[in-house]
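Here is the file coords.txt (compact mmCIF, C-alpha atoms).
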# COMPACT_ATOMS: atom_id res chain seq x y z
CA MET M 1 24.96 -90.86 54.03
CA PRO M 2 25.56 -91.06 50.26
CA HIS M 3 21.82 -91.43 49.80
CA GLU M 4 21.18 -88.25 51.84
CA GLN M 5 23.56 -86.26 49.63
CA ASP M 6 21.79 -87.55 46.53
CA GLN M 7 18.56 -86.14 47.87
CA THR M 8 20.13 -82.72 48.33
CA LEU M 9 20.96 -82.60 44.63
CA GLY M 10 17.30 -82.68 43.80
CA VAL M 11 17.93 -85.04 40.85
CA ALA M 12 18.54 -88.32 42.72
CA SER M 13 16.11 -90.22 40.59
CA LEU M 14 18.25 -89.49 37.57
CA LEU M 15 21.58 -90.65 39.02
CA GLN M 16 23.09 -94.16 39.60
CA THR M 17 26.10 -95.21 41.68
CA ARG M 18 28.36 -97.84 40.18
CA PRO M 19 29.17 -100.53 42.71
CA GLY M 20 32.58 -100.41 44.32
CA SER M 21 33.73 -97.11 42.94
CA GLY M 22 31.42 -94.58 44.60
CA ARG M 23 31.32 -92.72 41.24
CA ARG M 24 28.11 -91.14 40.09
CA ASP M 25 27.74 -91.36 36.29
CA PHE M 26 25.36 -88.87 34.68
CA SER M 27 25.68 -90.21 31.16
CA SER M 28 25.20 -93.99 31.43
CA HIS M 29 21.89 -94.16 33.38
CA SER M 30 19.04 -95.72 31.45
CA THR M 31 16.67 -92.95 32.44
CA THR M 32 16.64 -90.11 29.95
CA MET M 33 17.88 -86.83 31.50
CA PRO M 34 15.82 -83.78 30.67
CA GLN M 35 17.70 -81.66 28.18
CA ASN M 36 16.71 -78.41 29.83
CA ILE M 37 17.75 -79.33 33.34
CA PHE M 38 20.38 -76.55 33.36
CA THR M 39 18.55 -74.03 31.22
CA ASN M 40 14.96 -74.32 32.40
CA PRO M 41 14.38 -71.65 35.05
CA ALA M 42 11.68 -73.88 36.60
CA ILE M 43 14.34 -76.36 37.60
CA GLN M 44 16.65 -74.62 40.05
CA PRO M 45 19.41 -76.33 42.02
CA SER M 46 19.75 -75.72 45.72
CA SER M 47 21.75 -72.71 46.75
CA VAL M 48 24.25 -74.98 48.56
CA ILE M 49 25.54 -78.33 47.24
CA ASN M 50 27.59 -80.58 49.57
CA LEU M 51 29.46 -83.58 48.20
CA SER M 52 31.38 -86.09 50.35
CA ASN M 53 32.79 -89.62 49.99
CA SER M 54 32.71 -89.28 46.20
CA THR M 55 35.33 -89.33 43.47
CA ASP M 56 35.38 -88.45 39.79
CA VAL M 57 32.47 -86.04 40.15
CA VAL M 58 31.66 -84.23 36.89
CA ILE M 59 29.46 -81.12 37.00
CA GLY M 60 28.93 -79.58 33.61
CA PRO M 61 31.24 -80.02 30.67
CA MET M 62 34.95 -80.63 31.45
CA THR M 63 34.66 -79.66 35.11
CA GLN M 64 36.15 -82.17 37.63
CA TYR M 65 36.68 -82.03 41.38
CA GLN M 66 38.85 -84.55 43.21
CA GLY M 67 38.16 -85.34 46.86
CA PRO M 68 35.77 -83.64 49.22
CA VAL M 69 34.32 -80.55 47.55
CA SER M 70 31.97 -77.83 48.87
CA ILE M 71 30.42 -75.52 46.28
CA TYR M 72 28.51 -72.39 47.32
CA TYR M 73 26.20 -70.66 44.94
CA MET M 74 25.04 -67.15 45.85
CA ASP M 75 22.07 -65.92 43.94
CA ALA M 76 20.79 -62.34 43.81
CA SER M 77 18.68 -62.74 46.93
CA LEU M 78 21.69 -63.90 48.98
CA GLN M 79 23.85 -61.05 47.61
CA THR M 80 21.21 -58.58 48.68
CA ALA M 81 20.98 -60.20 52.12
CA ALA M 82 24.78 -59.94 52.44
CA GLY M 83 24.65 -56.22 51.61
CA ILE M 84 26.13 -56.59 48.12
CA ASN M 85 24.39 -54.70 45.36
CA PRO M 86 25.57 -55.98 41.99
CA SER M 87 24.41 -52.84 40.25
CA ASN M 88 26.27 -50.46 42.64
CA SER M 89 29.64 -50.95 40.97
CA SER M 90 28.38 -50.15 37.51
CA ASN M 91 26.25 -47.26 38.81
CA ASN M 92 29.19 -45.80 40.74
CA SER M 93 31.36 -46.15 37.66
CA ARG M 94 28.83 -44.29 35.55
CA LYS M 95 28.39 -41.57 38.17
CA LYS M 96 32.15 -41.12 38.49
CA SER M 97 32.47 -40.95 34.72
CA LYS M 98 29.72 -38.30 34.59
CA ARG M 99 31.41 -36.26 37.34
CA LEU M 100 34.76 -36.41 35.56
CA THR M 101 33.14 -35.36 32.29
CA ARG M 102 31.31 -32.46 33.95
CA ASN M 103 34.43 -31.28 35.81
CA THR M 104 36.49 -31.51 32.63
CA ILE M 105 33.96 -29.40 30.74
CA LEU M 106 33.83 -26.79 33.52
CA LEU M 107 37.62 -26.62 33.72
CA GLY M 108 37.87 -26.24 29.99
CA LEU M 109 35.32 -23.42 29.99
CA LEU M 110 37.17 -21.67 32.82
CA VAL M 111 40.50 -21.87 31.00
CA LEU M 112 38.87 -20.59 27.81
CA LEU M 113 37.29 -17.67 29.68
CA VAL M 114 40.62 -16.72 31.28
CA LEU M 115 42.35 -16.81 27.89
CA ILE M 116 39.65 -14.63 26.32
CA MET M 117 39.88 -12.09 29.16
CA ALA M 118 43.68 -12.03 28.91
CA ILE M 119 43.51 -11.40 25.16
CA ILE M 120 40.98 -8.59 25.65
CA ILE M 121 43.09 -6.93 28.37
CA VAL M 122 46.28 -7.12 26.28
CA PHE M 123 44.47 -5.74 23.24
CA LEU M 124 42.96 -2.84 25.18
CA GLU M 125 46.26 -2.02 26.89
CA LEU M 126 48.21 -2.02 23.63
CA ASN M 127 45.54 0.06 21.95
CA ARG M 128 45.37 2.50 24.86
CA THR M 129 49.15 2.92 24.94
CA HIS M 130 49.30 3.46 21.19
CA VAL M 131 46.47 5.97 21.21
CA GLY M 132 47.98 7.70 24.25
CA GLU M 133 51.35 8.09 22.58
CA MET M 134 49.72 9.33 19.37
CA GLY M 135 47.51 11.78 21.21
CA LEU M 136 50.22 13.09 23.56
CA ALA M 137 52.09 14.79 20.75
CA ASN M 138 48.95 16.49 19.45
CA LYS M 139 47.15 17.15 22.71
CA ALA M 140 46.89 20.76 23.76
CA ILE M 141 48.38 21.66 27.12
CA LEU M 142 45.64 22.72 29.52
CA PHE M 143 46.11 25.59 31.93
CA GLY M 144 44.13 27.54 34.45
CA ASN M 145 40.80 26.19 35.68
CA SER M 146 40.92 22.88 33.84
CA TYR M 147 40.07 20.99 37.01
CA ALA M 148 37.10 20.30 39.23
CA ASP M 149 36.45 22.25 42.42
CA GLY M 150 38.19 20.84 45.47
CA THR M 151 40.92 19.08 43.49
CA PHE M 152 44.51 19.94 42.74
CA PRO M 153 45.06 22.24 39.74
CA ASN M 154 46.95 20.62 36.89
CA LEU M 155 49.02 21.48 33.86
CA GLY M 156 47.28 18.94 31.66
CA ASN M 157 48.01 15.25 31.14
CA GLY M 158 47.69 14.61 34.86
CA HIS M 159 50.56 16.79 36.13
CA LEU M 160 49.28 18.19 39.41
CA ILE M 161 50.29 21.46 41.07
CA ILE M 162 50.91 20.91 44.80
CA ASP M 163 50.79 24.31 46.48
CA ARG M 164 52.71 25.32 49.61
CA ASP M 165 49.88 24.84 52.07
CA GLN M 166 49.15 21.43 50.55
CA TRP M 167 52.64 20.05 51.10
CA GLY M 168 52.85 21.62 54.56
CA SER M 169 55.06 24.68 54.25
CA THR M 170 56.03 26.48 57.44
CA ASP M 171 53.47 28.85 58.89
CA GLN M 172 56.15 31.36 59.81
CA PRO M 173 56.45 34.31 57.41
CA VAL M 174 59.42 34.16 55.07
CA ASN M 175 61.56 37.21 54.54
CA LEU M 176 61.76 37.23 50.73
CA THR M 177 62.47 40.70 49.40
CA ARG M 178 63.29 40.36 45.69
CA PRO M 179 60.33 39.66 43.42
CA LEU M 180 60.63 37.73 40.18
CA ILE M 181 60.15 40.15 37.31
CA GLY M 182 59.07 38.83 33.94
CA PRO M 183 59.52 38.02 31.28
CA VAL M 184 62.35 35.94 32.73
CA PRO M 185 65.20 35.26 30.26
CA TYR M 186 66.83 32.24 31.96
CA VAL M 187 65.68 28.95 33.44
CA VAL M 188 68.11 27.14 35.75
CA ILE M 189 67.75 23.37 36.17
CA THR M 190 69.08 21.86 39.39
CA HIS M 191 68.48 18.86 41.67
CA ILE M 192 68.40 18.06 45.39
CA GLY M 193 71.57 15.94 45.27
CA VAL M 194 73.35 14.67 48.41
CA GLN M 195 72.25 11.07 47.73
CA SER M 196 68.61 12.05 47.91
CA LYS M 197 66.27 9.27 46.79
CA PRO M 198 63.51 10.36 44.36
CA CYS M 199 59.97 10.33 45.77
CA ASN M 200 56.98 8.99 43.88
CA THR M 201 53.96 9.64 46.11
CA MET M 202 52.39 12.86 47.31
CA TYR M 203 52.86 11.82 50.93
CA LYS M 204 56.59 11.09 50.59
CA CYS M 205 57.24 14.13 48.41
CA SER M 206 55.46 16.43 50.86
CA ILE M 207 57.72 15.15 53.64
CA LYS M 208 60.73 15.74 51.40
CA MET M 209 59.59 19.31 50.67
CA ARG M 210 59.26 20.09 54.38
CA THR M 211 62.70 18.59 55.02
CA ILE M 212 64.25 20.69 52.24
CA GLN M 213 62.64 23.83 53.57
CA ASP M 214 63.73 23.15 57.16
CA SER M 215 67.30 22.49 55.98
CA SER M 216 67.37 25.66 53.85
CA ILE M 217 66.26 27.84 56.75
CA ALA M 218 68.07 26.19 59.67
CA GLU M 219 71.32 25.04 58.07
CA LYS M 220 71.86 27.29 55.04
CA HIS M 221 70.31 30.33 56.73
CA LEU M 222 68.12 31.09 53.73
CA PRO M 223 64.76 32.82 54.16
CA ASP M 224 62.91 30.01 52.38
CA ILE M 225 63.27 26.92 50.23
CA SER M 226 65.79 27.47 47.40
CA SER M 227 64.03 26.93 44.05
CA ASN M 228 60.85 28.23 42.49
CA PHE M 229 59.44 24.76 41.69
CA TYR M 230 60.26 21.13 42.45
CA VAL M 231 59.34 18.18 40.22
CA SER M 232 58.74 14.72 41.69
CA ASP M 233 59.30 11.32 40.15
CA GLU M 234 55.62 10.93 39.25
CA GLY M 235 55.64 14.24 37.37
CA ASN M 236 53.83 16.48 39.88
CA ILE M 237 54.93 20.07 40.47
CA TYR M 238 55.54 21.24 44.06
CA VAL M 239 55.51 24.99 44.54
CA GLY M 240 58.60 26.53 46.17
CA ARG M 241 59.06 30.28 45.74
CA SER M 242 56.53 30.11 42.88
CA TRP M 243 56.33 32.67 40.10
CA GLU M 244 56.46 35.54 42.59
CA TRP M 245 59.92 35.54 44.18
CA ALA M 246 63.47 35.23 42.88
CA ASN M 247 65.31 32.02 43.76
CA THR M 248 68.57 31.70 45.65
CA TYR M 249 70.74 30.95 42.57
CA ALA M 250 70.28 34.02 40.40
CA ASN M 251 67.86 36.86 40.78
CA ASN M 252 66.64 37.12 37.21
CA THR M 253 66.04 33.43 36.63
CA LEU M 254 63.47 30.72 37.26
CA ALA M 255 64.90 27.70 39.14
CA ILE M 256 63.36 24.23 38.73
CA ALA M 257 64.72 21.39 40.88
CA PHE M 258 64.45 17.65 40.24
CA MET M 259 63.62 15.97 43.58
CA GLY M 260 66.46 13.47 43.99
CA ASP M 261 70.12 12.78 43.29
CA TYR M 262 70.43 12.39 39.53
CA GLU M 263 74.04 11.47 39.55
CA ARG M 264 72.71 8.15 40.88
CA TYR M 265 69.12 8.00 39.62
CA VAL M 266 67.54 8.46 36.19
CA PRO M 267 64.67 10.94 35.73
CA THR M 268 61.36 9.44 34.69
CA LYS M 269 59.48 10.25 31.51
CA ARG M 270 56.67 11.76 33.58
CA GLN M 271 59.15 13.95 35.45
CA LEU M 272 60.71 15.33 32.27
CA GLU M 273 57.28 15.88 30.75
CA GLY M 274 56.14 17.74 33.89
CA VAL M 275 59.04 20.21 33.57
CA GLN M 276 58.20 20.87 29.93
CA HIS M 277 54.54 21.49 30.76
CA LEU M 278 55.54 23.89 33.52
CA LEU M 279 57.80 25.85 31.16
CA SER M 280 55.06 26.04 28.53
CA HIS M 281 52.72 27.34 31.22
CA GLY M 282 55.25 30.03 32.16
CA VAL M 283 55.47 31.20 28.55
CA ALA M 284 51.67 31.20 28.26
CA MET M 285 51.41 33.43 31.35
CA GLN M 286 54.17 35.69 29.93
CA ILE M 287 56.32 35.12 32.99
CA LEU M 288 58.97 33.40 30.86
CA ASP M 289 60.40 35.03 27.78
CA VAL M 290 59.28 33.33 24.59
CA ASN M 291 62.96 32.84 23.72
CA TYR M 292 64.09 31.93 27.22
CA LYS M 293 67.40 30.13 27.63
CA MET M 294 67.56 26.97 29.71
CA ILE M 295 70.80 25.99 31.43
CA ALA M 296 72.04 23.61 34.11
CA LEU M 297 73.37 24.96 37.40
CA ASN M 298 76.79 23.38 36.72
CA GLN M 299 77.16 25.70 33.71
CA THR M 300 77.33 28.69 36.09
CA ARG M 301 79.56 27.34 38.89
CA ASP M 302 81.60 24.37 40.08
CA SER M 303 78.78 21.95 40.83
CA LEU M 304 77.44 18.50 39.91
CA SER M 305 73.86 19.77 39.85
CA PRO M 306 71.53 18.78 38.20
CA GLY M 307 73.33 15.45 37.86
CA ALA M 308 74.67 13.78 34.73
CA ASN M 309 71.43 11.90 34.04
CA VAL M 310 69.27 15.04 34.00
CA TYR M 311 71.89 17.05 32.13
CA ARG M 312 71.98 14.41 29.39
CA GLU M 313 68.22 14.83 28.87
CA ILE M 314 67.84 18.62 28.97
CA LYS M 315 70.65 19.07 26.43
CA LYS M 316 68.22 17.66 23.85
CA TRP M 317 65.57 20.34 24.48
CA SER M 318 65.15 23.23 22.05
CA HIS M 319 65.64 26.01 24.63
CA PHE M 320 68.89 24.58 26.01
CA TYR M 321 71.70 27.15 25.85
CA HIS M 322 75.33 26.09 25.47
CA CYS M 323 77.24 28.37 27.80
CA ASP M 324 79.97 27.57 30.33
CA TRP M 325 81.44 29.47 33.26
CA LYS M 326 84.92 28.07 32.47
CA LYS M 327 85.20 27.78 28.69
CA GLY M 328 82.73 30.46 27.69
CA PRO M 329 80.70 32.00 26.48
CA LYS M 330 79.61 32.71 30.04
CA CYS M 331 75.96 32.38 30.83
CA GLY M 332 74.14 35.75 30.91
CA SER M 333 77.02 37.67 29.37
CA GLU M 334 74.71 38.88 26.59
CA LEU M 335 72.60 40.48 29.35
CA GLY M 336 75.60 42.02 31.08
CA MET M 337 75.48 39.50 33.97
CA LYS M 338 78.62 38.98 36.02
CA ASP M 339 79.79 35.83 37.84
CA ALA M 340 78.51 37.28 41.11
CA ASP M 341 75.03 37.62 39.62
CA TRP M 342 74.70 33.83 39.65
CA PHE M 343 74.67 33.83 43.45
CA GLY M 344 71.43 35.45 44.45
CA HIS M 345 71.85 34.99 48.23
CA GLN M 346 68.13 35.28 48.81
Using structure tokens, write down the structure from this file.
Amino acid sequence: MPHEQDQTLGVASLLQTRPGSGRRDFSSHSTTMPQNIFTNPAIQPSSVINLSNSTDVVIGPMTQYQGPVSIYYMDASLQTAAGINPSNSSNNSRKKSKRLTRNTILLGLLVLLVLIMAIIIVFLELNRTHVGEMGLANKAILFGNSYADGTFPNLGNGHLIIDRDQWGSTDQPVNLTRPLIGPVPYVVITHIGVQSKPCNTMYKCSIKMRTIQDSSIAEKHLPDISSNFYVSDEGNIYVGRSWEWANTYANNTLAIAFMGDYERYVPTKRQLEGVQHLLSHGVAMQILDVNYKMIALNQTRDSLSPGANVYREIKKWSHFYHCDWKKGPKCGSELGMKDADWFGHQ
């Protein structure tokens, strides 16, 4: 059996067994061993080497195996037969590295694009706001036919006029008998009150206008809605008794109501601006006196209207008139108006 194993090594003629020890000595044999036995590709060992009944076996420099040893050598052909591709690992690694690099570049470009768009949007918004604020003070107020056919008329700067048929006024004829005669010397500012929440869409405000009108006719027994105009939170003007008929507060005045309870809520900038545009329009049409006086309803009677938050704002306006029904001077006294004149009952 030892002789059969020597034959499997393929170099049996170069090896000698020392008697009694079973050791095979590669260095002491008289035959000269080829120097290129391990480096010459023409001399290839078998793919499988089996050693048995041997001790002190030395294969290569400083490599020793004690006892029965089986050594398996798998060359490239056997790896391929076993389904192992040595190049797959490195190829997969390179592919994964390329994918990561490509994804990183794409992500970086996406983040950069988002940042650029955000900077552009912020710049445009800041510039638009600044230009808008600068232009608002110098922009002329537009009246009349400054709108396209089929759209709502406006007072300029986007303040729409919502007429009676547009918000859904009652179809029944109203029994208004006292016309509004200009130029009107007084403007009365009031609000809806009674914990009314401000409206900020045309749909909601139209519902509120119909509710106010129904309440005025059915509960207060008035012929129509109380004020001449109503101003919503978004700054649109809803027509009440319009420029044609006197309001229910005082016959020789124009009444403008803020749509909400402004003891609780704060008027918006658009709402305040809408009132000012409406008043300028009234002066331009010569319905309001050029030197008209603007007052709050609570200056003529015991009332909270138009609410502390609106009152605080209108006191800053140039046409505001400091009169008081308790402390005096009484509102309208310069025109000969009495206390009863501030209750129109129409």
What separates atom CA of M:His221 and atom CA of M:Val174 is a distance of 11.7 Å
Spatial neighbours of stretch 226-235 of chain M, max dist 8 Å, all atoms listed in the file, sep filter under 4 positions, as a PyMOL selection string: chain M and resi 159-160+198-201+205+213+216+222+239-243+245-249+254-259+267-268+270-275
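Distances here use all atoms listed in the file; by that measure, the residue among M:Leu278, M:Met202, M:Met117, M:Met285 closest to M:Gln166 is M:Met202.
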Long-range neighbours of M:Gly307 as a tab-separated table (two decimals) with C-alpha atoms, keeping the file's coordinate frame, 8 Å cut-off, all atoms listed in the file, 3 positions minimum in chain:
chain	number	residue	atom	x	y	z
M	190	THR	CA	69.08	21.86	39.39
M	191	HIS	CA	68.48	18.86	41.67
M	193	GLY	CA	71.57	15.94	45.27
M	261	ASP	CA	70.12	12.78	43.29
M	262	TYR	CA	70.43	12.39	39.53
M	263	GLU	CA	74.04	11.47	39.55
M	264	ARG	CA	72.71	8.15	40.88
M	304	LEU	CA	77.44	18.50	39.91
M	310	VAL	CA	69.27	15.04	34.00
M	311	TYR	CA	71.89	17.05	32.13
Distance query stretch 316-329 of chain M at most 9 Å, only C-alpha atoms, self and fewer than 5 positions along chain excluded, as a list in words: Asn291, Tyr292, Lys293, Met294, Ile295, Ala296, Asn298, Gln299, Thr300, Arg301, Asp302 and Asp339 of chain M
If we count all atoms listed in the file, what is near stretch 287-289 of chain M at a cut-off of 10 Å, once residues fewer than 3 positions away on the same chain are taken out, given as a ChimeraX atom specification? /M:180-187,243-244,253-254,279-284,292-293
Looking at only C-alpha atoms, which of M:Leu109, M:Ile189, M:Arg164, M:His277 is the one that sits closest to M:Ile225?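 Residue with the minimum atom-to-atom distance to M:Ile225: M:Arg164.
Nearest to M:Gly158 of all the residues M:Ile237, M:Ile192, M:Ile105, M:Leu126 is M:Ile237, counting all atoms listed in the file.
Taking atom CA of M:Cys331 as the reference point, atom CA of M:Arg178 is found at 21.1 Å.
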Atom CA of M:Ile161 to atom CA of M:Tyr238, straight-line distance in Å: 6.0 Å
